[in-house]
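See below for final_39.csv, which holds CSV, C-alpha atoms.
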chain,number,residue,atom,x,y,z
W,1,MET,CA,23.8,12.0,3.8
W,2,SER,CA,20.4,10.6,3.0
W,3,ARG,CA,18.0,13.3,2.2
W,4,ILE,CA,15.0,11.3,3.4
W,5,GLY,CA,16.8,9.8,6.4
W,6,LYS,CA,17.8,13.1,7.8
W,7,LYS,CA,14.3,14.6,7.9
W,8,PRO,CA,12.8,14.4,11.4
W,9,ILE,CA,9.3,12.9,12.0
W,10,THR,CA,6.9,14.9,14.2
W,11,LEU,CA,4.5,12.8,16.2
W,12,ALA,CA,0.8,13.8,16.4
W,13,ASP,CA,-0.8,13.9,19.8
W,14,LYS,CA,-3.0,10.9,19.1
W,15,VAL,CA,0.0,8.6,18.2
W,16,ALA,CA,2.1,6.8,20.8
W,17,ILE,CA,5.4,5.2,20.0
W,18,GLU,CA,7.3,2.6,22.1
W,19,GLN,CA,10.8,1.3,21.5
W,20,ASN,CA,11.8,-2.0,23.0
W,21,GLY,CA,15.4,-2.8,21.8
W,22,GLN,CA,15.2,-3.1,18.0
W,23,GLU,CA,11.4,-3.3,17.9
W,24,ILE,CA,9.3,-0.2,17.5
W,25,THR,CA,5.6,-0.2,18.1
W,26,VAL,CA,3.3,2.6,16.9
W,27,LYS,CA,-0.2,3.0,18.4
W,28,GLY,CA,-2.9,5.3,17.1
W,29,PRO,CA,-6.6,5.8,16.7
W,30,LYS,CA,-6.9,3.3,13.8
W,31,GLY,CA,-4.7,0.5,15.3
W,32,GLU,CA,-1.3,-0.7,16.1
W,33,LEU,CA,1.7,-1.5,13.9
W,34,SER,CA,5.3,-2.5,14.6
W,35,MET,CA,8.6,-2.9,12.8
W,36,VAL,CA,12.0,-4.3,13.6
W,37,ILE,CA,15.3,-2.5,12.8
W,38,ASN,CA,17.7,-5.2,11.8
W,39,SER,CA,20.8,-2.9,11.4
W,40,PRO,CA,23.0,-2.3,14.4
W,41,ASN,CA,24.2,0.9,12.7
W,42,VAL,CA,20.8,2.6,12.5
W,43,LYS,CA,19.2,4.0,15.7
W,44,ILE,CA,15.9,5.7,16.5
W,45,GLU,CA,16.0,8.7,18.9
W,46,ILE,CA,12.7,10.0,20.3
W,47,VAL,CA,12.9,13.5,21.9
W,48,ASP,CA,9.9,15.7,22.8
W,49,GLY,CA,7.6,14.3,20.1
W,50,VAL,CA,10.2,14.4,17.4
W,51,ILE,CA,11.7,11.2,16.0
W,52,ALA,CA,15.1,11.2,14.4
W,53,VAL,CA,16.7,8.2,12.5
W,54,VAL,CA,20.5,8.3,13.1
W,55,ARG,CA,23.1,6.2,11.5
W,56,ALA,CA,26.5,5.3,13.0
W,57,SER,CA,28.6,4.6,9.9
W,58,GLU,CA,28.9,5.9,6.3
W,59,ASP,CA,29.0,2.6,4.4
W,60,LYS,CA,26.7,2.1,1.4
W,61,THR,CA,24.4,-0.4,3.1
W,62,THR,CA,23.8,1.7,6.2
W,63,LYS,CA,23.1,4.8,4.0
W,64,ALA,CA,20.5,2.8,2.1
W,65,LEU,CA,18.9,1.4,5.3
W,66,HIS,CA,18.9,4.9,6.9
W,67,GLY,CA,16.4,6.3,4.4
W,68,LEU,CA,14.4,3.0,4.3
W,69,TYR,CA,13.8,2.9,8.0
W,70,ARG,CA,12.9,6.5,8.2
W,71,ALA,CA,10.3,6.2,5.3
W,72,THR,CA,8.9,3.0,6.8
W,73,LEU,CA,8.5,4.6,10.2
W,74,ALA,CA,6.8,7.6,8.7
W,75,ASN,CA,4.4,5.2,6.8
W,76,LEU,CA,3.6,3.4,10.1
W,77,ILE,CA,2.8,6.7,11.8
W,78,ASN,CA,0.6,7.9,8.9
W,79,GLY,CA,-1.1,4.5,8.7
W,80,VAL,CA,-2.2,4.4,12.4
W,81,LEU,CA,-3.3,8.1,12.2
W,82,ASN,CA,-5.0,8.3,8.7
W,83,GLY,CA,-4.9,4.9,7.1
W,84,TYR,CA,-4.3,4.1,3.4
W,85,GLN,CA,-6.6,3.5,0.5
W,86,LYS,CA,-6.2,2.3,-3.1
W,87,ASP,CA,-9.0,2.7,-5.6
W,88,LEU,CA,-9.5,0.3,-8.6
W,89,GLU,CA,-12.0,0.2,-11.4
W,90,LEU,CA,-13.2,-2.5,-13.8
W,91,GLN,CA,-13.6,-1.7,-17.5
W,92,GLY,CA,-15.1,-4.0,-19.9
W,93,VAL,CA,-18.5,-5.3,-21.0
W,94,GLY,CA,-19.8,-7.7,-18.3
W,95,PHE,CA,-17.0,-7.1,-15.8
W,96,ARG,CA,-18.5,-6.4,-12.4
W,97,VAL,CA,-17.8,-6.9,-8.7
W,98,GLN,CA,-20.0,-7.5,-5.7
W,99,LEU,CA,-19.2,-7.2,-2.0
W,100,LYS,CA,-20.5,-10.1,0.1
W,101,GLY,CA,-19.5,-9.7,3.7
W,102,ASP,CA,-15.7,-9.5,3.6
W,103,LYS,CA,-15.4,-11.2,0.2
W,104,LEU,CA,-15.3,-9.7,-3.2
W,105,GLU,CA,-16.9,-11.7,-6.0
W,106,PHE,CA,-15.7,-10.8,-9.5
W,107,ALA,CA,-17.2,-11.5,-12.9
W,108,LEU,CA,-14.2,-11.0,-15.2
W,109,GLY,CA,-15.2,-12.9,-18.3
W,110,PHE,CA,-14.0,-16.3,-17.0
W,111,SER,CA,-16.3,-19.3,-16.9
W,112,HIS,CA,-16.4,-19.0,-13.1
W,113,PRO,CA,-16.7,-16.1,-10.6
W,114,VAL,CA,-13.5,-15.2,-8.8
W,115,VAL,CA,-13.9,-14.8,-5.0
W,116,ILE,CA,-11.3,-12.9,-3.0
W,117,THR,CA,-11.4,-12.9,0.8
W,118,ALA,CA,-10.1,-9.8,2.7
W,119,PRO,CA,-7.0,-10.6,4.8
W,120,GLU,CA,-6.8,-9.4,8.4
W,121,GLY,CA,-6.4,-5.6,8.5
W,122,ILE,CA,-7.9,-5.0,5.1
W,123,GLN,CA,-11.4,-3.7,4.3
W,124,PHE,CA,-13.1,-3.6,0.9
W,125,LYS,CA,-15.7,-1.1,-0.3
W,126,THR,CA,-17.5,-1.1,-3.6
W,127,GLU,CA,-19.2,1.7,-5.5
W,128,GLY,CA,-21.7,0.5,-8.0
W,129,THR,CA,-20.6,-2.6,-9.8
W,130,ASN,CA,-17.3,-1.5,-11.2
W,131,LYS,CA,-15.4,0.5,-8.5
W,132,ILE,CA,-13.4,-1.1,-5.6
W,133,SER,CA,-11.6,0.6,-2.7
W,134,VAL,CA,-9.0,-1.3,-0.7
W,135,MET,CA,-8.5,0.2,2.8
W,136,GLY,CA,-6.2,-0.5,5.7
W,137,ILE,CA,-3.5,0.9,8.0
W,138,ASP,CA,-0.5,-1.0,6.6
W,139,LYS,CA,0.7,0.7,3.4
W,140,HIS,CA,2.5,-2.3,2.1
W,141,LEU,CA,-0.4,-4.7,2.6
W,142,VAL,CA,-2.9,-2.3,1.0
W,143,GLY,CA,-0.7,-1.9,-2.1
W,144,GLN,CA,0.0,-5.6,-2.3
W,145,ILE,CA,-3.7,-6.5,-2.1
W,146,ALA,CA,-4.6,-3.9,-4.7
W,147,ALA,CA,-1.9,-5.2,-7.0
W,148,ASN,CA,-3.2,-8.8,-6.6
W,149,LEU,CA,-6.7,-7.6,-7.5
W,150,ARG,CA,-5.3,-5.8,-10.6
W,151,LYS,CA,-3.4,-9.0,-11.6
W,152,LEU,CA,-6.7,-11.0,-11.7
W,153,ARG,CA,-7.3,-9.4,-15.1
W,154,SER,CA,-4.6,-7.0,-16.2
W,155,PRO,CA,-5.7,-4.2,-18.6
W,156,ASP,CA,-5.6,-5.4,-22.2
W,157,PRO,CA,-3.2,-3.3,-24.3
W,158,TYR,CA,-5.6,-3.5,-27.3
W,159,LYS,CA,-9.0,-2.7,-25.9
W,160,GLY,CA,-8.2,-1.5,-22.4
W,161,LYS,CA,-10.5,-4.0,-20.7
W,162,GLY,CA,-9.5,-5.3,-17.2
W,163,VAL,CA,-8.9,-4.1,-13.7
W,164,ARG,CA,-7.0,-0.9,-13.3
W,165,TYR,CA,-6.2,1.8,-10.8
W,166,VAL,CA,-8.4,4.8,-10.9
W,167,GLY,CA,-6.8,7.4,-13.1
W,168,GLU,CA,-4.3,4.9,-14.6
W,169,PHE,CA,-3.5,5.5,-18.3
W,170,ILE,CA,-3.2,2.4,-20.5
W,171,ARG,CA,-1.3,3.0,-23.7
W,172,LYS,CA,-3.2,1.1,-26.4
W,173,LYS,CA,-1.5,-0.8,-29.2
W,174,GLN,CA,-2.7,-0.2,-32.8
W,175,GLY,CA,-3.5,-3.9,-33.5
W,176,LYS,CA,-3.4,-5.5,-36.9
W,177,SER,CA,-3.6,-3.3,-40.0
W,178,VAL,CA,-5.3,-4.5,-43.1
W,179,LYS,CA,-3.2,-4.3,-46.2
W,180,LYS,CA,-4.9,-3.3,-49.5
Please rewrite the model in this file as structure tokens.
Amino acid sequence: MSRIGKKPITLADKVAIEQNGQEITVKGPKGELSMVINSPNVKIEIVDGVIAVVRASEDKTTKALHGLYRATLANLINGVLNGYQKDLELQGVGFRVQLKGDKLEFALGFSHPVVITAPEGIQFKTEGTNKISVMGIDKHLVGQIAANLRKLRSPDPYKGKGVRYVGEFIRKKQGKSVKK
């Protein structure tokens, strides 16, 4: 049996969950999220503030979806209760970022500034000129936006310059060696 799928999820007092057929809606203090369960072999049971994900068959696909739906549902509940945040930092001479309303304006060594607009449900926060925080209630969306920002200028393997996650270690290459 799936180790993740068999763990029950306890609901906090501030979180309300509604099940309408295959669609599940989670409401909390930070907002509202929903998901659809596309497998007829996976069911959600809500009893006294405890959510259990139950599967009807033992085939490989259902076993995989069992853990996936449980983890996704736990992420939805945590998102509407606490939210998610990814922190990035810029390293390199002249690399900086400015927050202008809901837009980030990057100077990353290109001939033009790179402007990124925050999609719905995402907030940006900057610290100084080289730290960015991406915040929101949807874990997938926060991670995807953070990855897209990192992709603007991936860390250079020779000097380490670029956009990276806070605490990310970049293995540096040695570079050319001069023969004598």
When you look at region 20-34 of chain W with a cut-off of 9 Å (counting all atoms listed in the file), what residues show up, excluding the ones that are within fewer than 6 positions of it in the same chain? I need them as a PDB file with C-alpha atoms, in the coordinates of the input.
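What landed in selection-v1.pdb:
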ATOM      1  CA  LYS W  14      -3.000  10.900  19.100  1.00  0.00           C
ATOM      2  CA  PRO W  40      23.000  -2.300  14.400  1.00  0.00           C
ATOM      3  CA  LYS W  43      19.200   4.000  15.700  1.00  0.00           C
ATOM      4  CA  ILE W  44      15.900   5.700  16.500  1.00  0.00           C
ATOM      5  CA  LEU W  73       8.500   4.600  10.200  1.00  0.00           C
ATOM      6  CA  LEU W  76       3.600   3.400  10.100  1.00  0.00           C
ATOM      7  CA  ILE W  77       2.800   6.700  11.800  1.00  0.00           C
ATOM      8  CA  GLY W  79      -1.100   4.500   8.700  1.00  0.00           C
ATOM      9  CA  VAL W  80      -2.200   4.400  12.400  1.00  0.00           C
ATOM     10  CA  LEU W  81      -3.300   8.100  12.200  1.00  0.00           C
ATOM     11  CA  ASN W  82      -5.000   8.300   8.700  1.00  0.00           C
ATOM     12  CA  GLY W  83      -4.900   4.900   7.100  1.00  0.00           C
ATOM     13  CA  GLY W 136      -6.200  -0.500   5.700  1.00  0.00           C
ATOM     14  CA  ILE W 137      -3.500   0.900   8.000  1.00  0.00           C
ATOM     15  CA  ASP W 138      -0.500  -1.000   6.600  1.00  0.00           C
TER      16      ASP W 138
END
- Task: Rank nothing, just name the residue among W:His66, W:Arg55, W:Lys103, W:Lys139 nearest to Tyr84 (chain W), using only C-alpha atoms.
- Result: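 Closest residue, counting only C-alpha atoms: W:Lys139.
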- Item | Shell around Pro157 (chain W) at 7 Å using only C-alpha atoms, local window under 6 positions removed, as JSON, numbers by chain | {"W": [170, 171, 172, 173]}
- Query: Hey, can you check how far CA of Thr72 (chain W) sits from CA of Ile116 (chain W)?
  - Reply: 27.5 Å
- Query: Pick the closest to Gln19 (chain W) from W:Ile46, W:Pro119, W:Gly5, W:Ser177: which is it, counting all atoms listed in the file?
  - Reply: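 Nearest candidate to Gln19 (chain W) out of W:Ile46, W:Pro119, W:Gly5, W:Ser177: W:Ile46.
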- Query: When distances are computed from all atoms listed in the file, which of W:Leu11, W:Leu152, W:Val54, W:Ile145 shows the smallest separation from Phe95 (chain W)?
  - Reply: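 With all atoms listed in the file as the atom set, the closest residue is W:Leu152.
Among the candidate residues W:Met135, W:Leu108, W:Val36, W:Gly101, the one lying nearest to Gly121 (chain W) is W:Met135, with distances computed using only C-alpha atoms.
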- Query: Leaving out Ala118 (chain W) and any residue of its chain fewer than 3 positions from it, which residues lie within 12 Å of it when counting all atoms listed in the file, given as a PyMOL selection string?
  - Reply: chain W and resi 99-105+115+121-125+133-136+141-142+145-146+148-149
Would you mind exporting the chosen residues as an mmCIF file, in the coordinates of the input, restricted to C-alpha atoms?
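Resulting contents of result37.cif:
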data_model
loop_
_atom_site.group_PDB
_atom_site.id
_atom_site.type_symbol
_atom_site.label_atom_id
_atom_site.label_comp_id
_atom_site.auth_asym_id
_atom_site.auth_seq_id
_atom_site.Cartn_x
_atom_site.Cartn_y
_atom_site.Cartn_z
ATOM 1 C CA LEU W 99 -19.200 -7.200 -2.000
ATOM 2 C CA LYS W 100 -20.500 -10.100 0.100
ATOM 3 C CA GLY W 101 -19.500 -9.700 3.700
ATOM 4 C CA ASP W 102 -15.700 -9.500 3.600
ATOM 5 C CA LYS W 103 -15.400 -11.200 0.200
ATOM 6 C CA LEU W 104 -15.300 -9.700 -3.200
ATOM 7 C CA GLU W 105 -16.900 -11.700 -6.000
ATOM 8 C CA VAL W 115 -13.900 -14.800 -5.000
ATOM 9 C CA GLY W 121 -6.400 -5.600 8.500
ATOM 10 C CA ILE W 122 -7.900 -5.000 5.100
ATOM 11 C CA GLN W 123 -11.400 -3.700 4.300
ATOM 12 C CA PHE W 124 -13.100 -3.600 0.900
ATOM 13 C CA LYS W 125 -15.700 -1.100 -0.300
ATOM 14 C CA SER W 133 -11.600 0.600 -2.700
ATOM 15 C CA VAL W 134 -9.000 -1.300 -0.700
ATOM 16 C CA MET W 135 -8.500 0.200 2.800
ATOM 17 C CA GLY W 136 -6.200 -0.500 5.700
ATOM 18 C CA LEU W 141 -0.400 -4.700 2.600
ATOM 19 C CA VAL W 142 -2.900 -2.300 1.000
ATOM 20 C CA ILE W 145 -3.700 -6.500 -2.100
ATOM 21 C CA ALA W 146 -4.600 -3.900 -4.700
ATOM 22 C CA ASN W 148 -3.200 -8.800 -6.600
ATOM 23 C CA LEU W 149 -6.700 -7.600 -7.500
#
- Task: Considering only C-alpha atoms, return as number ranges by chain whatever protein or nucleic-acid residues lie within 7 Å of Ser154 (chain W), sequence-local ones (same chain, fewer than 4 positions apart) excluded.
- Result: W: 150, 162-163
Missing atoms in region 90-115 of chain W: can you complete it with N, CA and C atoms, as a compact mmCIF listing (two decimals), in the frame of the given file?
# COMPACT_ATOMS: atom_id res chain seq x y z
N LEU W 90 -13.11 -1.42 -12.79
CA LEU W 90 -13.20 -2.50 -13.80
C LEU W 90 -13.74 -1.83 -15.08
N GLN W 91 -13.11 -2.15 -16.20
CA GLN W 91 -13.60 -1.70 -17.50
C GLN W 91 -13.72 -2.85 -18.42
N GLY W 92 -14.87 -2.96 -19.02
CA GLY W 92 -15.10 -4.00 -19.90
C GLY W 92 -16.59 -4.46 -19.85
N VAL W 93 -17.13 -4.92 -20.94
CA VAL W 93 -18.50 -5.30 -21.00
C VAL W 93 -18.67 -6.61 -20.13
N GLY W 94 -19.59 -6.58 -19.17
CA GLY W 94 -19.80 -7.70 -18.30
C GLY W 94 -18.92 -7.87 -17.14
N PHE W 95 -17.93 -7.00 -16.99
CA PHE W 95 -17.00 -7.10 -15.80
C PHE W 95 -17.73 -6.35 -14.68
N ARG W 96 -17.86 -7.04 -13.55
CA ARG W 96 -18.50 -6.40 -12.40
C ARG W 96 -17.96 -7.07 -11.11
N VAL W 97 -18.23 -6.40 -10.00
CA VAL W 97 -17.80 -6.90 -8.70
C VAL W 97 -18.92 -6.68 -7.70
N GLN W 98 -19.03 -7.61 -6.75
CA GLN W 98 -20.00 -7.50 -5.70
C GLN W 98 -19.30 -7.76 -4.36
N LEU W 99 -19.70 -7.02 -3.34
CA LEU W 99 -19.20 -7.20 -2.00
C LEU W 99 -20.15 -8.06 -1.21
N LYS W 100 -19.69 -9.21 -0.74
CA LYS W 100 -20.50 -10.10 0.10
C LYS W 100 -19.81 -10.36 1.38
N GLY W 101 -20.17 -9.57 2.39
CA GLY W 101 -19.50 -9.70 3.70
C GLY W 101 -18.10 -9.09 3.57
N ASP W 102 -17.08 -9.92 3.81
CA ASP W 102 -15.70 -9.50 3.60
C ASP W 102 -15.06 -10.09 2.40
N LYS W 103 -15.92 -10.55 1.46
CA LYS W 103 -15.40 -11.20 0.20
C LYS W 103 -15.86 -10.35 -0.98
N LEU W 104 -14.98 -10.32 -1.96
CA LEU W 104 -15.30 -9.70 -3.20
C LEU W 104 -15.54 -10.83 -4.25
N GLU W 105 -16.63 -10.71 -5.00
CA GLU W 105 -16.90 -11.70 -6.00
C GLU W 105 -16.87 -10.98 -7.39
N PHE W 106 -15.92 -11.40 -8.20
CA PHE W 106 -15.70 -10.80 -9.50
C PHE W 106 -16.28 -11.60 -10.62
N ALA W 107 -16.84 -10.92 -11.61
CA ALA W 107 -17.20 -11.50 -12.90
C ALA W 107 -16.28 -10.85 -13.92
N LEU W 108 -15.26 -11.59 -14.38
CA LEU W 108 -14.20 -11.00 -15.20
C LEU W 108 -14.12 -11.67 -16.59
N GLY W 109 -15.19 -12.30 -17.03
CA GLY W 109 -15.20 -12.90 -18.30
C GLY W 109 -14.67 -14.36 -18.30
N PHE W 110 -14.39 -14.90 -17.12
CA PHE W 110 -14.00 -16.30 -17.00
C PHE W 110 -15.27 -17.15 -16.91
N SER W 111 -15.13 -18.46 -16.96
CA SER W 111 -16.30 -19.30 -16.90
C SER W 111 -16.79 -19.48 -15.44
N HIS W 112 -16.07 -18.90 -14.49
CA HIS W 112 -16.40 -19.00 -13.10
C HIS W 112 -16.23 -17.65 -12.41
N PRO W 113 -16.96 -17.38 -11.32
CA PRO W 113 -16.70 -16.10 -10.60
C PRO W 113 -15.40 -16.29 -9.76
N VAL W 114 -14.69 -15.20 -9.61
CA VAL W 114 -13.50 -15.20 -8.80
C VAL W 114 -13.79 -14.54 -7.47
N VAL W 115 -13.54 -15.27 -6.37
CA VAL W 115 -13.90 -14.80 -5.00
C VAL W 115 -12.56 -14.52 -4.28
